[in-house]
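Visitor: There's a structure below that I have some questions on.
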Amino acid sequence: MGLLSDPNRRRALISMLTRLNAPICVVCYFAGVAWFMGLAFEPFTLRTYMSENAMGSTMVEERFPAGERALATGREFAAHKKKVGGMPVDWLVKNMQDRGLEVFTQSFSRTLPFPDENKERYIVKGTNVYGILRAPRAPRTEALVLSAPCSPGDSNNQAVGLLLGLAQYFRNQIYWAKDIIFLVNEHDLIGMQAWLEGYHHTNTTGMSWSPLQGRGGSIQAALSLELSSDVITSLDLVLEGLNGQLPNLDLANLFYAFCQKIGVLCTIQGKLQRNDWDSVSGYSHTVQTMMLMVMKQASGRPWGDHGLFLRYHIEAATIKGVNSFRQYKTDATTIGRLLEGMYRKLNNLLERLHQSYFFYLMPSLSHFVSIGYYMPAFGLLAVILLLRALDLWVQLNTPPSTTEDGVADIDQQSSPGVLSVLTPLVISHLTGVALYALPIRFQETAVEHFPVSETEAVVLTAIAIYTAGLALPHNTHRLLSGEGTEQGWRVLKLVAVLYLAVLLGCTALINFSLGFILALTLVPLAAFVTPHVPKVLSAFILVILSPACTLLFSVFFFQELQEMPVSFQDGWLLYLSVISQGILDHSLYGSLVYPLIALLVYPCWLLFWNILFWK
Amino acid sequence: MAAPLTLLLIVAVTIRAALFRSSLAELIAERVEVVSPITAWKRVVEGLALLDLGVSPYSGDVFHETPLIIYMFHFLVDYAEITFMVSLNKNFRKQKFALEADRYPMDSLELIRSPKEMYYIPLKVAMFYLLNPFTILSCVAKSTCGLNNAVLALFFLSTIKGNVLLSAIFLCLATYQSIYPITLCAPAMLYFMQRQYIPVNFRRVSFWWFIVQYLFMYLGSLFVLICLSFFLLGSWDYLPSVYGFILSVPDLTPNIGLFWYFFAEMFEHFRLFFLCVFQINVFFYTIPLSIKLKEHPVFLMFMQLAVISIFKSYPTVGDVALYLAFLPVWSHLHRFLRNIFLVSCVLLACSVLFPVLWHLWIYAGSANSNFYYAITLLFNVAQILLVSDYFYAFLRREHHLTNGLYLKRKDGSEATLILK
């Protein structure tokens with residue numbers, strides 16, 4: 001505690017920090033970025049290992065035989081689906097009942113705030129069908145879920161077939177200690193949302209659904225299956241859920257362990273694992289895999305049907321079958337055996353999955369980076385903000401004639417009025433509220449006056465408000481509080497910097513990737529902005545580093561990472577659709593990224609914009 | 001003075017009324033940072049329902065407020081907003097207190113405050129209290145903490161005004177509510193003695209006579225209150241249920257205090273020992289602080305209040321807000337504060353991180369109690385740093401008052417004060 005009480009050492013430290021502030025900040029920034037890039041380097045990561053004892057030591061033998069029959073069921077399902085032109089509810093109910101399940105249906109309907117052009121839907125009506133296999137060995141207080149979406153077109157028929165095949169096989173086994181719920185959901189996430197809300201008796205998004213007639217116990221884990229071909233070359237594991245939430249790492253470990261055991265190729269982010277970590281191409285491969293995970297997590301949207309389970313404290317993942325041009329193929333029986341093995345191990349669970357990590361990044365399926373390793377990268381960026389804040393505080397407290405510790409004359413300058421700080425704060429937040437609320441509210445007006453569709457209207461209104469915000473605030477404080485003083489902008493910047501630090505810190509705790517990406521762009525901007533830097537250049541940099549441009553770059557970068565680079569034109573269209581998806585995700589599933597950006601990050605950025613044009 | 005105060009009151013009432021009517025009120029009333037098992041409105045309602053049914057409200061383990069509170073609400077139950085009004089009213093008192101308190105601060109040459117500054121302090125105190133988000137939250141949550149704060153504020157007011165009897169009665173009410181304010185006895189007595197020119201000397205009869213007088217009033221009214229509670233309820237049920245509950249800390253719901261995590265983790269047979277250690281913390285600091293600050297009872301009161309709200313068994317943000325409201329009274333110490341920037345950053349960050357980590361722990365299930373407790377610890381460390389910083393600044397100011405502002409070493413160079 002010497003540092004807190006000894007004035008000499010304090011003064012030495014503070015004078016060092018203020019003198020070397022800029023170099024320290026630069027070093028911290030690059031150190032943070034370097035640390036982050038280093039995370040993908042294999043020697044710095046940990047090997048995954050199974051933490052949960054109940055799933056680790058017990059051996060299970062997989063005997064699922066009926067892959068071919070499952071595929072036949074899948075074909076039958078496809079035929080009925082085509083005939084009905086949607087979910088063949090009666091066929092599914094009958095089939096599940098034949099397999100000895102307790103079958104129930106749930107109908108739901110939802111009107112989207114504006115038409116979803118990606119999936120071409122506006123007023124959604126559908127039915128979920130689910131069958132419960134009651135546990136013969138235990139008091140039915142816990143349950144596991146296996147779900148397959150009923151997608152339009154020809155996809156995922158095999159998934160439903162395999163689901164029914166597994167249901168039939170599971171029914172004849174005696175070792176189940178947890179109810180197993182086989183769910184076929186329509187309209188992917190919307191159906192899943194309706195089912196989960198019905199199951200847990202909550203209604204968070206204002207959707208209308210009929211109450212569930214039958215329930216199992218509390219759901220411990222869930223897998224969602226996506227399979228569109230009879231044979232596959234590899235299985236892809238999707239973990240990222242709503243708001244960047246991830247399931248317990250043990251679920252990924254379980255998948256990986258069984259893929260190894262059964263000999264199925266497995267990927268994460270669609271990337272195979274490579275063994276040449278010491279070569280440049282091997283390293284860049286792991287970096288790509290990790291960056292893809294970071295981008296997906298930062299987007300805050302569920303990347304598979306499992307994504308909504310996580311909100312209810314249920315560990316869930318999506319398993320996707322991929323059929324590429326490789327020679328070696330895996331048939332449905334093997335996938336069935338893999339799933340059987342996973343469910344038998346999950347069946348052995350004595351308590352919820354909690355032993356392993358919840359905060360991690362995966363540069364490959366066999367390696368992970370835990371929170372303790374990646375947080376310093378963010379910390380190094382956040383510390384820049386604190387250093388700048390300290391610097392400002394010292395500048396504010398020491399008028400030109402500095403004296404000793406504490407004993408300084410403060411009252412020689414009149415302190416800036418509360419108004420000069422409060423006004424920009426209030427105005428920028430009001431702009432944020434407008435950005436949040438107006439696009440959906442005004443879509444009809446916009447459609448009437450401009451030749452655009454509703455979706456375009458919403459997105460373009462959002463962009464218009466965003467841009468209008470730039471013109472608005474920097475003129476207003478002068479009207480209210482007269483000339484801005486030198487002290488004035490310092491106080492405002494102190495407030496803004498601390499605000500940003502707290503905001504980014506909280507974001508990084510909930511969704512590390514989002515926090516880190518925002519910090520990468522916002523921190524340098526927050527560090528350098530003053531009214532005395534060259535206006536035009538700084539304004540340009542500020543716009544480039546603003547949240548909207550960050551999103552634009554992210555879109556291109558993401559396409560690049562997926563090895564599907566797009567032209568600028570396509571990229572722009574993609575950007576518009578990403579914005580509309582973000583707004584839709586918020587109103588449909590309660591994703592928090594859009595309100596976070598609109599209500600907090602954007603106003604905070606406006607404060608820095610305001611400082612730049614301080615007069 | 002009156003105009004800005006009225007404006008302030010209107011603003012404060014509007015904010016509360018708006019929040020009260022919004023859907024946020026329910027959410028806030030559930031927050032563990034805002035309501036404790038003792039002060040939660042939900043539990044008071046439960047107690048009232050039991051009372052209406054003719055069952056003792058203390059049967060079961062839900063209600064832990066004192067009998068007088070429940071009878072008070074018994075008559076007012078239809079007016080939920082009454083809590084809201086009551087907890088507002090007391091702030092009038094608070095700012096009056098401040099008005100008085102400022103007459104008092106010590107006279108010195110260079111460090112004395114100008115009358116103009118002093119004039120605005122009551123307003124600032126009222127503003128700090130009324131517009132403090134912590135107070136707003138605990139008011140919107142209808143926490144009975146507001147009533148405790150009101151009683152304490154009345155106690156300060158009557159003490160500063162020099163009314164011995166009222167001061168004793170309000171102190172006894174506060175003690176009756178939550179035990180801990182008993183430590184405020186010392187500063188109150190010191191203040192009256194200073195006011196009546198009674199020297200603090202153990203060999204003087206007048207000193208002892210005054211103490212006996214004050215304690216008689218205090219204990220007498222305490223006796224009356226306890227008997228009154230007994231006659232209202234017809235049983236002694238409430239003693240273990242209220243005071244036993246406060247002292248033995250059976251409810252380990254997470255809150256912003258230090259107890260819950262520690263006692264949740266502890267082996268059962270150490271429990272009593274550590275319970276004593278933790279509880280002594282609240283009371284023990286009275287002795288050294290009273291000795292050191294016997295000339296400055298008002299500052300002592302502030303210190304005691306802070307110590308209580310940090311170390312009490314079920315603290316809420318309402319308690320923190322009460323002593324934070326006194327900070328403007330000590331604005332003349334600001335130039336001597338050393339860690340105020342660090343401390344305010346930490347307090348700010350912690351207040352935001354509480355709900356975030358709670359969400360991660362309880363709803364997302366990805367974090368655990370350690371995360372939340374880490375923030376609780378940090379919050380309390382920051383509070384302790386804040387209080388000790390004010391203490392240091394106060395002592396340092398005293399030193400400068402006697403020795404002059406610009407200290408010189410013997411060789412003529414500037415000297416600095418070092419606290420080791």
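A note on labels: chains of the structure tokens are A, B, ... as shown, every chain counts residues from 1, and ligands are counted from 1 in their shown order.
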Can you check which residues of range 212-332 of chain B DSSP gives as alpha helix (DSSP H) on the backbone and send them as a VMD selection string?
Guide: chain B and resid 212 to 233 238 245 to 248 259 to 265 271 to 284 286 to 292 297 to 311 317 to 324
Visitor: Can you check which residues of chain B have any atom within 7 Å of chain A? Use only C-alpha atoms and format it as a PyMOL selection string.
Guide: chain B and resi 335-338+349+353+356+364-366+418-419
Visitor: Need to verify the contact set: range 56-71 of chain A, 10 Å, only C-alpha atoms, exclusion of same-chain residues closer than 6 positions in sequence. Can you return it as a count of residues only?
Guide: 39
Visitor: Would you work out the distance separating CA of Ile198 in chain B from CA of Ala306 in chain B, expressed in Å to one decimal?
Guide: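 It comes out at 27.3 Å.
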Visitor: Give me the residues near Thr183 in chain B as an MDAnalysis selection string, where near means some atom within 8 Å (using only C-alpha atoms) and where sequence neighbours in that chain fewer than 5 positions away do not count.
Guide: chainID B and resid 283 286 304
Visitor: Pull the strand (DSSP E) assignments for range 212-331 of chain A out of DSSP run on the backbone, and list those residues as a list in words.
Guide: Ser218, Ile219, Gln220, Ala221, Ala222, Leu223, Ser224, Leu225, Glu226, Ser234, Leu235, Asp236, Leu237, Val238, Leu265, Cys266, Thr267, Ile268, Glu315, Ala316, Ala317, Thr318, Ile319, Lys320, Gly321 and Val322 of chain A
Visitor: Give me a file of those residues, with N, CA and C atoms, as a JSON list (two decimals), in the first residue's frame.
Guide:
```json
[["chain", "number", "residue", "atom", "x", "y", "z"],
["A", 218, "SER", "N", -36.12, -31.30, -16.49],
["A", 218, "SER", "CA", -35.36, -30.12, -16.88],
["A", 218, "SER", "C", -34.27, -30.55, -17.87],
["A", 219, "ILE", "N", -34.12, -29.78, -18.91],
["A", 219, "ILE", "CA", -33.25, -30.20, -20.01],
["A", 219, "ILE", "C", -31.79, -29.96, -19.64],
["A", 220, "GLN", "N", -30.99, -31.01, -19.78],
["A", 220, "GLN", "CA", -29.58, -30.91, -19.40],
["A", 220, "GLN", "C", -28.69, -30.55, -20.58],
["A", 221, "ALA", "N", -29.00, -31.10, -21.72],
["A", 221, "ALA", "CA", -28.17, -30.84, -22.89],
["A", 221, "ALA", "C", -29.00, -31.05, -24.14],
["A", 222, "ALA", "N", -28.58, -30.44, -25.22],
["A", 222, "ALA", "CA", -29.34, -30.58, -26.46],
["A", 222, "ALA", "C", -28.38, -30.58, -27.63],
["A", 223, "LEU", "N", -28.71, -31.36, -28.63],
["A", 223, "LEU", "CA", -27.94, -31.34, -29.87],
["A", 223, "LEU", "C", -28.91, -31.08, -31.01],
["A", 224, "SER", "N", -28.47, -30.29, -31.94],
["A", 224, "SER", "CA", -29.30, -30.03, -33.10],
["A", 224, "SER", "C", -28.56, -30.61, -34.30],
["A", 225, "LEU", "N", -29.30, -31.33, -35.13],
["A", 225, "LEU", "CA", -28.66, -32.08, -36.19],
["A", 225, "LEU", "C", -29.02, -31.47, -37.53],
["A", 226, "GLU", "N", -28.02, -31.24, -38.38],
["A", 226, "GLU", "CA", -28.28, -30.76, -39.73],
["A", 226, "GLU", "C", -27.56, -31.68, -40.69],
["A", 234, "SER", "N", -17.39, -35.03, -43.54],
["A", 234, "SER", "CA", -16.96, -34.61, -42.20],
["A", 234, "SER", "C", -18.14, -34.03, -41.45],
["A", 235, "LEU", "N", -17.97, -33.92, -40.16],
["A", 235, "LEU", "CA", -18.99, -33.30, -39.31],
["A", 235, "LEU", "C", -18.44, -31.99, -38.78],
["A", 236, "ASP", "N", -19.28, -30.98, -38.82],
["A", 236, "ASP", "CA", -18.84, -29.66, -38.35],
["A", 236, "ASP", "C", -19.59, -29.33, -37.06],
["A", 237, "LEU", "N", -18.84, -28.82, -36.10],
["A", 237, "LEU", "CA", -19.46, -28.49, -34.81],
["A", 237, "LEU", "C", -19.68, -26.99, -34.74],
["A", 238, "VAL", "N", -20.89, -26.57, -34.43],
["A", 238, "VAL", "CA", -21.19, -25.14, -34.30],
["A", 238, "VAL", "C", -21.51, -24.85, -32.85],
["A", 265, "LEU", "N", -14.14, -37.64, -39.63],
["A", 265, "LEU", "CA", -13.45, -36.36, -39.73],
["A", 265, "LEU", "C", -14.31, -35.29, -39.06],
["A", 266, "CYS", "N", -13.69, -34.47, -38.23],
["A", 266, "CYS", "CA", -14.49, -33.43, -37.60],
["A", 266, "CYS", "C", -13.83, -32.08, -37.79],
["A", 267, "THR", "N", -14.67, -31.06, -37.92],
["A", 267, "THR", "CA", -14.13, -29.72, -38.15],
["A", 267, "THR", "C", -14.82, -28.74, -37.21],
["A", 268, "ILE", "N", -14.19, -27.59, -37.06],
["A", 268, "ILE", "CA", -14.87, -26.48, -36.39],
["A", 268, "ILE", "C", -14.68, -25.26, -37.29],
["A", 315, "GLU", "N", -26.83, -26.69, -22.12],
["A", 315, "GLU", "CA", -25.65, -26.79, -22.99],
["A", 315, "GLU", "C", -26.09, -27.38, -24.32],
["A", 316, "ALA", "N", -25.76, -26.71, -25.40],
["A", 316, "ALA", "CA", -26.26, -27.19, -26.68],
["A", 316, "ALA", "C", -25.28, -26.86, -27.79],
["A", 317, "ALA", "N", -25.31, -27.69, -28.84],
["A", 317, "ALA", "CA", -24.46, -27.45, -30.00],
["A", 317, "ALA", "C", -25.18, -27.97, -31.23],
["A", 318, "THR", "N", -24.75, -27.47, -32.37],
["A", 318, "THR", "CA", -25.31, -27.98, -33.63],
["A", 318, "THR", "C", -24.25, -28.83, -34.30],
["A", 319, "ILE", "N", -24.66, -29.99, -34.81],
["A", 319, "ILE", "CA", -23.74, -30.84, -35.57],
["A", 319, "ILE", "C", -24.20, -30.84, -37.01],
["A", 320, "LYS", "N", -23.30, -30.44, -37.89],
["A", 320, "LYS", "CA", -23.64, -30.26, -39.29],
["A", 320, "LYS", "C", -22.89, -31.29, -40.11],
["A", 321, "GLY", "N", -23.60, -32.01, -40.97],
["A", 321, "GLY", "CA", -22.90, -32.91, -41.87],
["A", 321, "GLY", "C", -22.45, -32.16, -43.11],
["A", 322, "VAL", "N", -21.21, -32.34, -43.49],
["A", 322, "VAL", "CA", -20.67, -31.66, -44.66],
["A", 322, "VAL", "C", -20.29, -32.70, -45.70]]
```
Visitor: Take CA of Arg19 in chain A and CA of Ile340 in chain B and report the distance between them in Å, one decimal.
Guide: 21.3 Å
Visitor: Give me, please, the distance in Å between CA of Leu189 in chain A and CA of Ser364 in chain A, quoted to one decimal.
Guide: 26.7 Å
Visitor: Just want the 9 Å neighbourhood of Arg388 in chain A, counted on only C-alpha atoms, with same-chain residues fewer than 4 positions away dropped. Output as a PyMOL selection string.
Guide: chain A and resi 18+21-22+25+383-384+392-393+494+497+526-527
